$ cat final-v4.cif   # mmCIF, C-alpha atoms and all ligand atoms
data_final
loop_
_atom_site.label_atom_id
_atom_site.label_comp_id
_atom_site.auth_asym_id
_atom_site.auth_seq_id
_atom_site.Cartn_x
_atom_site.Cartn_y
_atom_site.Cartn_z
CA MET A 152 -167.62 44.24 -121.78
CA THR A 153 -170.87 46.23 -121.91
CA VAL A 154 -171.85 45.06 -125.40
CA THR A 155 -171.23 41.68 -127.05
CA LEU A 156 -172.11 40.07 -130.36
CA GLU A 157 -173.04 36.41 -130.01
CA VAL A 158 -173.60 34.53 -133.29
CA ALA A 159 -175.52 31.26 -133.62
CA ASP A 160 -177.42 29.71 -136.53
CA GLY A 161 -177.14 32.82 -138.68
CA VAL A 162 -178.47 35.18 -136.01
CA GLY A 163 -176.18 37.72 -134.33
CA THR A 164 -177.37 38.95 -130.93
CA LEU A 165 -176.07 42.42 -130.07
CA ARG A 166 -176.35 42.20 -126.28
CA LEU A 167 -176.17 45.22 -123.96
CA ASP A 168 -174.97 44.38 -120.46
CA ARG A 169 -174.28 47.46 -118.29
CA PRO A 170 -176.25 47.00 -115.06
CA PRO A 171 -178.45 48.22 -113.62
CA MET A 172 -180.21 49.99 -116.53
CA ASN A 173 -177.92 49.60 -119.55
CA ALA A 174 -177.24 53.36 -119.41
CA LEU A 175 -175.48 54.16 -122.66
CA ASP A 176 -172.15 55.78 -121.82
CA VAL A 177 -169.61 56.76 -124.46
CA ALA A 178 -167.77 53.44 -124.30
CA THR A 179 -171.02 51.56 -124.80
CA GLN A 180 -172.06 53.82 -127.68
CA ASP A 181 -168.72 53.28 -129.41
CA ARG A 182 -168.88 49.52 -128.84
CA ILE A 183 -172.38 49.38 -130.34
CA LYS A 184 -170.98 50.97 -133.50
CA GLU A 185 -168.06 48.55 -133.70
CA LEU A 186 -170.26 45.48 -133.29
CA ALA A 187 -172.97 46.79 -135.63
CA GLU A 188 -170.31 47.18 -138.32
CA GLU A 189 -169.00 43.69 -137.55
CA ALA A 190 -172.50 42.22 -137.81
CA ALA A 191 -172.96 44.04 -141.12
CA HIS A 192 -169.87 42.44 -142.64
CA ARG A 193 -169.90 38.91 -141.16
CA THR A 194 -171.22 36.37 -143.67
CA ASP A 195 -172.28 34.07 -140.81
CA VAL A 196 -174.68 36.80 -139.58
CA ARG A 197 -177.85 36.87 -141.72
CA ALA A 198 -180.09 38.66 -139.21
CA VAL A 199 -179.57 40.53 -135.93
CA VAL A 200 -181.34 40.83 -132.59
CA VAL A 201 -180.61 43.85 -130.35
CA TYR A 202 -181.24 42.87 -126.74
CA GLY A 203 -180.67 44.43 -123.32
CA GLY A 204 -181.38 41.40 -121.15
CA GLU A 205 -184.46 40.16 -119.34
CA LYS A 206 -185.08 43.25 -117.22
CA VAL A 207 -184.35 46.34 -119.30
CA PHE A 208 -183.54 47.29 -122.87
CA ALA A 209 -181.77 50.60 -122.07
CA ALA A 210 -182.74 53.55 -119.88
CA GLY A 211 -181.01 56.01 -122.18
CA ALA A 212 -177.72 57.81 -122.37
CA ASP A 213 -175.76 57.86 -119.14
CA ILE A 214 -177.07 60.98 -117.41
CA LYS A 215 -174.31 60.86 -114.81
CA GLU A 216 -171.70 60.89 -117.57
CA MET A 217 -173.55 63.56 -119.55
CA ARG A 218 -173.89 65.82 -116.52
CA ALA A 219 -170.11 66.34 -116.55
CA MET A 220 -170.15 67.41 -120.19
CA ASP A 221 -170.07 70.95 -121.41
CA HIS A 222 -171.42 72.42 -124.62
CA THR A 223 -168.13 72.10 -126.49
CA ALA A 224 -167.67 68.45 -125.52
CA MET A 225 -171.16 67.71 -126.71
CA ILE A 226 -170.64 69.49 -130.02
CA LEU A 227 -167.70 67.16 -130.54
CA ARG A 228 -169.56 64.08 -129.29
CA ALA A 229 -173.04 64.49 -130.76
CA ARG A 230 -172.12 63.32 -134.29
CA ALA A 231 -170.30 60.23 -133.01
CA LEU A 232 -173.37 59.28 -131.01
CA GLN A 233 -175.65 59.59 -134.01
CA ASP A 234 -173.15 57.63 -136.12
CA SER A 235 -173.13 54.86 -133.52
CA PHE A 236 -176.87 54.32 -133.84
CA THR A 237 -176.89 54.88 -137.60
CA ALA A 238 -174.45 51.95 -137.87
CA VAL A 239 -177.21 49.76 -136.41
CA ALA A 240 -179.83 51.23 -138.75
CA ARG A 241 -177.54 50.67 -141.74
CA ILE A 242 -176.91 46.93 -141.06
CA PRO A 243 -177.96 45.54 -144.48
CA LYS A 244 -179.78 42.62 -142.87
CA PRO A 245 -183.03 42.25 -140.92
CA VAL A 246 -182.68 43.64 -137.38
CA VAL A 247 -185.18 42.90 -134.60
CA ALA A 248 -185.10 44.77 -131.27
CA ALA A 249 -186.10 42.67 -128.26
CA VAL A 250 -187.52 45.31 -125.91
CA THR A 251 -187.80 44.29 -122.27
CA GLY A 252 -188.66 46.77 -119.52
CA TYR A 253 -187.53 50.31 -120.20
CA ALA A 254 -186.46 51.66 -123.61
CA LEU A 255 -186.11 55.35 -122.85
CA GLY A 256 -184.25 58.20 -124.52
CA GLY A 257 -181.23 56.74 -126.25
CA GLY A 258 -182.67 53.30 -125.46
CA CYS A 259 -185.79 54.04 -127.48
CA GLU A 260 -183.65 55.64 -130.17
CA LEU A 261 -181.60 52.44 -130.39
CA ALA A 262 -184.76 50.35 -130.73
CA LEU A 263 -185.89 52.71 -133.52
CA CYS A 264 -182.78 51.71 -135.50
CA ALA A 265 -184.11 48.16 -135.84
CA ASP A 266 -186.46 47.11 -138.61
CA PHE A 267 -188.84 45.54 -136.12
CA ARG A 268 -189.50 45.80 -132.38
CA VAL A 269 -190.86 42.98 -130.20
CA ALA A 270 -191.90 44.35 -126.81
CA GLY A 271 -192.66 42.61 -123.57
CA ASP A 272 -196.10 43.30 -122.10
CA ASN A 273 -194.37 45.26 -119.31
CA ALA A 274 -192.26 47.38 -121.64
CA LYS A 275 -192.22 51.14 -121.33
CA LEU A 276 -190.86 53.30 -124.14
CA GLY A 277 -190.40 57.02 -124.47
CA GLN A 278 -188.21 60.00 -125.19
CA PRO A 279 -187.98 61.78 -121.80
CA GLU A 280 -185.11 64.10 -122.80
CA ILE A 281 -187.38 67.16 -122.55
CA LEU A 282 -187.55 66.51 -118.80
CA LEU A 283 -183.78 67.08 -118.74
CA GLY A 284 -184.06 70.25 -120.82
CA LEU A 285 -182.87 68.35 -123.89
CA ILE A 286 -184.27 66.75 -127.04
CA PRO A 287 -183.45 63.29 -128.41
CA GLY A 288 -179.91 63.46 -129.80
CA ALA A 289 -179.37 60.00 -131.29
CA GLY A 290 -181.76 60.20 -134.20
CA GLY A 291 -185.02 60.06 -132.29
CA THR A 292 -186.53 63.26 -133.70
CA GLN A 293 -186.03 61.83 -137.22
CA ARG A 294 -186.68 58.12 -136.87
CA LEU A 295 -189.65 58.38 -134.48
CA ALA A 296 -191.46 60.87 -136.73
CA ARG A 297 -190.81 58.64 -139.76
CA LEU A 298 -192.12 55.60 -137.91
CA ILE A 299 -195.24 56.85 -136.11
CA GLY A 300 -195.89 60.23 -137.78
CA PRO A 301 -194.91 63.75 -136.79
CA SER A 302 -197.78 64.58 -134.44
CA ARG A 303 -197.50 61.35 -132.45
CA ALA A 304 -193.71 61.79 -132.33
CA LYS A 305 -194.13 65.37 -131.11
CA ASP A 306 -196.53 64.18 -128.41
CA LEU A 307 -193.91 61.78 -127.01
CA ILE A 308 -190.99 64.21 -127.45
CA PHE A 309 -192.81 67.33 -126.19
CA THR A 310 -194.17 65.56 -123.08
CA GLY A 311 -191.41 63.03 -122.38
CA ARG A 312 -194.13 60.61 -121.36
CA GLN A 313 -193.64 56.86 -121.32
CA VAL A 314 -195.96 54.61 -123.31
CA GLY A 315 -196.75 51.08 -122.26
CA ALA A 316 -196.59 48.12 -124.63
CA ASP A 317 -200.21 48.22 -125.74
CA GLU A 318 -200.16 51.92 -126.56
CA ALA A 319 -196.80 51.49 -128.29
CA LEU A 320 -198.36 48.77 -130.44
CA ALA A 321 -201.33 50.98 -131.27
CA LEU A 322 -198.96 53.82 -132.22
CA GLY A 323 -196.85 51.55 -134.42
CA LEU A 324 -193.83 52.12 -132.20
CA VAL A 325 -193.57 48.37 -131.63
CA ASP A 326 -194.65 45.56 -133.96
CA ARG A 327 -195.45 42.74 -131.55
CA VAL A 328 -196.26 42.53 -127.83
CA VAL A 329 -195.53 39.22 -126.11
CA PRO A 330 -195.27 38.02 -122.48
CA ALA A 331 -192.18 39.63 -120.93
CA ALA A 332 -190.50 36.25 -120.42
CA GLU A 333 -190.77 35.43 -124.14
CA VAL A 334 -189.36 38.62 -125.68
CA TYR A 335 -185.92 37.38 -126.63
CA GLU A 336 -187.21 33.95 -127.75
CA GLN A 337 -189.84 35.54 -130.00
CA ALA A 338 -187.50 38.19 -131.38
CA ARG A 339 -184.86 35.59 -132.10
CA ALA A 340 -187.38 33.28 -133.80
CA TRP A 341 -188.42 36.16 -136.06
CA ALA A 342 -184.81 36.96 -136.88
CA ALA A 343 -184.01 33.27 -137.45
CA ALA A 344 -186.91 32.96 -139.91
CA LEU A 345 -185.67 36.00 -141.83
CA ALA A 346 -182.12 34.61 -141.69
CA ARG A 347 -183.39 31.69 -143.79
CA GLY A 348 -184.52 34.08 -146.49
CA PRO A 349 -182.74 35.26 -149.64
CA ALA A 350 -180.04 37.51 -148.17
CA LEU A 351 -179.51 39.77 -151.17
CA ALA A 352 -183.24 40.25 -151.79
CA LEU A 353 -183.74 41.10 -148.11
CA ARG A 354 -180.87 43.58 -148.33
CA ALA A 355 -182.42 45.07 -151.47
CA ALA A 356 -185.82 45.39 -149.82
CA LYS A 357 -184.39 47.07 -146.70
CA GLU A 358 -182.23 49.49 -148.66
CA SER A 359 -185.04 50.37 -151.09
CA VAL A 360 -187.55 51.14 -148.32
CA ASP A 361 -185.07 52.99 -146.10
CA THR A 362 -183.53 55.02 -148.93
CA GLY A 363 -187.00 55.88 -150.17
CA LEU A 364 -187.83 57.41 -146.80
CA GLU A 365 -184.79 59.66 -147.06
CA THR A 366 -185.14 60.90 -150.64
CA ASP A 367 -187.52 61.98 -153.41
CA LEU A 368 -189.83 59.51 -155.20
CA ASP A 369 -187.86 59.42 -158.47
CA THR A 370 -184.65 58.53 -156.65
CA GLY A 371 -186.44 55.92 -154.57
CA LEU A 372 -187.95 54.37 -157.68
CA ALA A 373 -184.49 54.30 -159.28
CA VAL A 374 -183.07 52.47 -156.25
CA GLU A 375 -185.95 49.98 -156.42
CA ARG A 376 -185.66 49.24 -160.12
CA ASN A 377 -181.88 48.87 -160.00
CA TRP A 378 -182.16 46.36 -157.18
CA PHE A 379 -185.15 44.60 -158.82
CA ALA A 380 -183.29 44.13 -162.11
CA GLY A 381 -180.08 43.21 -160.32
CA LEU A 382 -181.75 40.41 -158.39
CA PHE A 383 -182.52 38.66 -161.69
CA ALA A 384 -178.85 37.68 -161.72
CA THR A 385 -179.08 35.79 -158.43
CA GLU A 386 -179.37 32.09 -157.74
CA ASP A 387 -182.14 32.84 -155.27
CA ARG A 388 -184.23 34.22 -158.12
CA GLU A 389 -183.55 31.12 -160.25
CA ARG A 390 -184.38 28.85 -157.33
CA GLY A 391 -187.50 30.76 -156.33
CA MET A 392 -189.02 30.76 -159.81
CA ARG A 393 -188.01 27.15 -160.48
CA SER A 394 -189.60 26.12 -157.21
CA PHE A 395 -192.85 27.88 -158.11
CA VAL A 396 -193.04 26.34 -161.59
CA GLU A 397 -191.92 22.81 -160.65
CA GLU A 398 -193.37 22.43 -157.17
CA GLY A 399 -196.49 24.51 -157.38
CA PRO A 400 -198.46 25.83 -154.38
CA GLY A 401 -196.56 23.81 -151.78
CA ARG A 402 -193.33 25.58 -152.77
CA ALA A 403 -190.78 26.30 -150.11
CA LYS A 404 -191.29 29.28 -147.81
CA PHE A 405 -188.77 30.65 -145.38
CA LEU A 406 -190.99 32.53 -142.93
C1 LIG B 501 -166.31 63.58 -123.11
C2 LIG B 501 -167.47 62.88 -123.72
C3 LIG B 501 -168.59 62.51 -122.76
C4 LIG B 501 -169.84 62.06 -123.47
C5 LIG B 501 -170.99 61.70 -122.62
C6 LIG B 501 -172.29 61.57 -123.27
C7 LIG B 501 -172.24 61.10 -124.66
C8 LIG B 501 -173.32 61.65 -125.52
C9 LIG B 501 -174.70 61.23 -125.09
C10 LIG B 501 -175.79 61.98 -125.87
C11 LIG B 501 -177.09 61.23 -125.88
C12 LIG B 501 -178.17 61.98 -126.63
C13 LIG B 501 -179.42 61.15 -126.86
C14 LIG B 501 -179.97 60.44 -125.67
C15 LIG B 501 -180.29 61.13 -124.51
C16 LIG B 501 -180.81 60.39 -123.35
O1 LIG B 501 -181.04 59.17 -123.39
S1 LIG B 501 -181.10 61.31 -121.95
C17 LIG B 501 -181.61 60.09 -120.77
C18 LIG B 501 -183.00 59.59 -121.04
N1 LIG B 501 -183.40 58.61 -120.05
C19 LIG B 501 -184.03 58.96 -118.91
O2 LIG B 501 -184.30 60.11 -118.67
C20 LIG B 501 -184.38 57.82 -117.96
C21 LIG B 501 -183.75 58.08 -116.63
N2 LIG B 501 -184.06 57.00 -115.71
C22 LIG B 501 -185.29 56.93 -115.12
O3 LIG B 501 -186.21 57.67 -115.37
C23 LIG B 501 -185.47 55.80 -114.14
O4 LIG B 501 -184.20 55.37 -113.73
C24 LIG B 501 -186.23 54.59 -114.74
C25 LIG B 501 -185.55 54.11 -116.00
C26 LIG B 501 -187.67 54.98 -115.01
C27 LIG B 501 -186.18 53.45 -113.72
O5 LIG B 501 -186.65 53.92 -112.47
P1 LIG B 501 -186.49 52.98 -111.20
O6 LIG B 501 -186.96 51.64 -111.49
O7 LIG B 501 -187.03 53.75 -110.05
O8 LIG B 501 -184.90 52.84 -111.00
P2 LIG B 501 -183.88 54.01 -110.56
O9 LIG B 501 -183.61 53.86 -109.11
O10 LIG B 501 -184.32 55.32 -111.10
O11 LIG B 501 -182.57 53.59 -111.41
C28 LIG B 501 -181.78 52.46 -111.00
C29 LIG B 501 -180.35 52.89 -111.13
O12 LIG B 501 -180.07 53.14 -112.53
C30 LIG B 501 -179.61 54.46 -112.68
N3 LIG B 501 -180.06 55.02 -113.96
C31 LIG B 501 -181.27 54.88 -114.51
N4 LIG B 501 -181.33 55.52 -115.70
C32 LIG B 501 -180.09 56.06 -115.91
C33 LIG B 501 -179.51 56.84 -116.96
N5 LIG B 501 -180.19 57.17 -118.07
N6 LIG B 501 -178.23 57.25 -116.81
C34 LIG B 501 -177.52 56.88 -115.71
N7 LIG B 501 -177.99 56.14 -114.66
C35 LIG B 501 -179.29 55.74 -114.79
C36 LIG B 501 -180.18 55.22 -111.50
O13 LIG B 501 -179.39 56.40 -111.27
C37 LIG B 501 -180.04 54.19 -110.41
O14 LIG B 501 -178.68 54.14 -110.07
P3 LIG B 501 -178.27 53.88 -108.53
O15 LIG B 501 -178.98 54.93 -107.73
O16 LIG B 501 -176.80 54.00 -108.51
O17 LIG B 501 -178.80 52.49 -108.25
#

$ encode --input "final-v4.cif" --output "structure tokens" --more "lines below"
Ligand SMILES: CCCCCCCCCCCCC/C=C/C(=O)SCCNC(=O)CCNC(=O)[C@H](O)C(C)(C)COP(=O)(O)OP(=O)(O)OC[C@H]1O[C@@H](n2cnc3c(N)ncnc32)[C@H](O)[C@@H]1OP(=O)(O)O
Amino acid sequence: MTVTLEVADGVGTLRLDRPPMNALDVATQDRIKELAEEAAHRTDVRAVVVYGGEKVFAAGADIKEMRAMDHTAMILRARALQDSFTAVARIPKPVVAAVTGYALGGGCELALCADFRVAGDNAKLGQPEILLGLIPGAGGTQRLARLIGPSRAKDLIFTGRQVGADEALALGLVDRVVPAAEVYEQARAWAAALARGPALALRAAKESVDTGLETDLDTGLAVERNWFAGLFATEDRERGMRSFVEEGPGRAKFL
């Protein structure tokens, strides 16, 4: 199986395993969607790590498979591909991408669907589709521009160039750079800390920020206030405020 979901201590690891470069063929794309939806619904999954293994995150869509495709096949396939990655982006829980080695094309687009990206110091990210006469087709033109800004996104998409970990950090494309051997450990620790947090409040925060990026300010403010008011009905809110009042400054933290 090219993609698995391993769950332990509240963290679900969505693991790509299609040697040598985790090229994302149709079967892998469809499996990512299935497991992202599973992770979204499982109550024993409170945070997710997307991981490609020690050597590579994913070198993109499977060029050898794509080469055999014609325009009509791609018209039929393109939406399913976007939906596969959107399923990851729509997981209503914190998602951390553990980026080792290459995250190119669809690989970078998959990492963009996470809330956070931890990159190894040898990581290389980019959207090289232009070198194939294409553009990103799995959400990259939208998510990359939203994350790092339109001109920086256009630089990477127009040129197809790869950026190393330090430049990716400076661009805001990744959030943390760690020694390559520690990527999964650090990403999982981050996810595990978030998994200890108030699940509904985390879901509310993610949905409010993400919806706000996709709509007008009034609608975004409406989403925020509905979630804010709704959270007053939760035990986490009771517990959090009680802890502050009764325990003072040393009150419990989850991060
Ligand atoms: C009927 C339906 C059919 C549907 C089919 C398609 C579905 C829809 C898909 C739509 C996707 C749209 C959005 C995404 C687009 C893309 O991602 S386009 C691809 C972007 N990625 C790239 O351009 C990277 C290509 N790879 C490289 O540049 C290099 O391989 C590398 C990553 C820089 C590593 O170089 P190096 O270390 O020198 O290793 P190599 O020898 O090049 O590679 C090792 C083997 O891995 C194979 N490989 C690498 N990348 C891919 C890939 N993307 N697809 C397929 N295979 C890949 C490479 O061929 C080598 O294989 P072997 O020679 O057999 O060892």

$ residues_near_ligand --input "final-v4.cif" --ligand "ligand LIG 501 (chain B)" --cutoff "8 Å" --atoms "all atoms listed in the file" --output "PyMOL selection string"
chain A and resi 170-177+180+209-220+224-225+228-229+232+253+255-258+260+278-280+282-283+285-291

$ residues_around --input "final-v4.cif" --residues "segment 348-361 of chain A" --least-positions-apart "2" --cutoff "10 Å" --atoms "all atoms listed in the file" --output "NGL selection string"
:A and (194 or 197-198 or 240-245 or 266 or 343-346 or 363-366 or 370-379 or 381-382 or 385-388 or 391 or 404-406)

$ atom_distance --input "final-v4.cif" --atom1 "atom CA of Gly203 of chain A" --atom2 "atom CA of Asp168 of chain A"
6.4 Å

$ atom_distance --input "final-v4.cif" --atom1 "atom CA of Ala342 of chain A" --atom2 "atom CA of Glu157 of chain A"
13.6 Å

$ closest_residue --input "final-v4.cif" --among "A:Cys259, A:Ala187, A:Met392, A:Val200" --to "Asp234 of chain A" --atoms "all atoms listed in the file"
A:Ala187

$ atom_distance --input "final-v4.cif" --atom1 "atom CA of Ala319 of chain A" --atom2 "atom CA of Asn273 of chain A"
11.2 Å

$ closest_residue --input "final-v4.cif" --among "A:Arg166, A:Arg347, A:Arg303, A:Arg339" --to "Gly204 of chain A" --atoms "only C-alpha atoms"
A:Arg166

$ closest_residue --input "final-v4.cif" --among "A:Pro301, A:Gly284, A:Gly315, A:Gly271" --to "Val329 of chain A" --atoms "all atoms listed in the file"
A:Gly271

$ residues_around --input "final-v4.cif" --residues "Asp326 of chain A" --least-positions-apart "2" --cutoff "12 Å" --atoms "all atoms listed in the file" --output "number ranges by chain"
A: 247-250, 262-263, 265-271, 298-299, 316-324, 328-329, 337-338, 341

$ closest_residue --input "final-v4.cif" --among "A:Ala296, A:Val396, A:Val201, A:Ile281" --to "Thr310 of chain A" --atoms "only C-alpha atoms"
A:Ile281
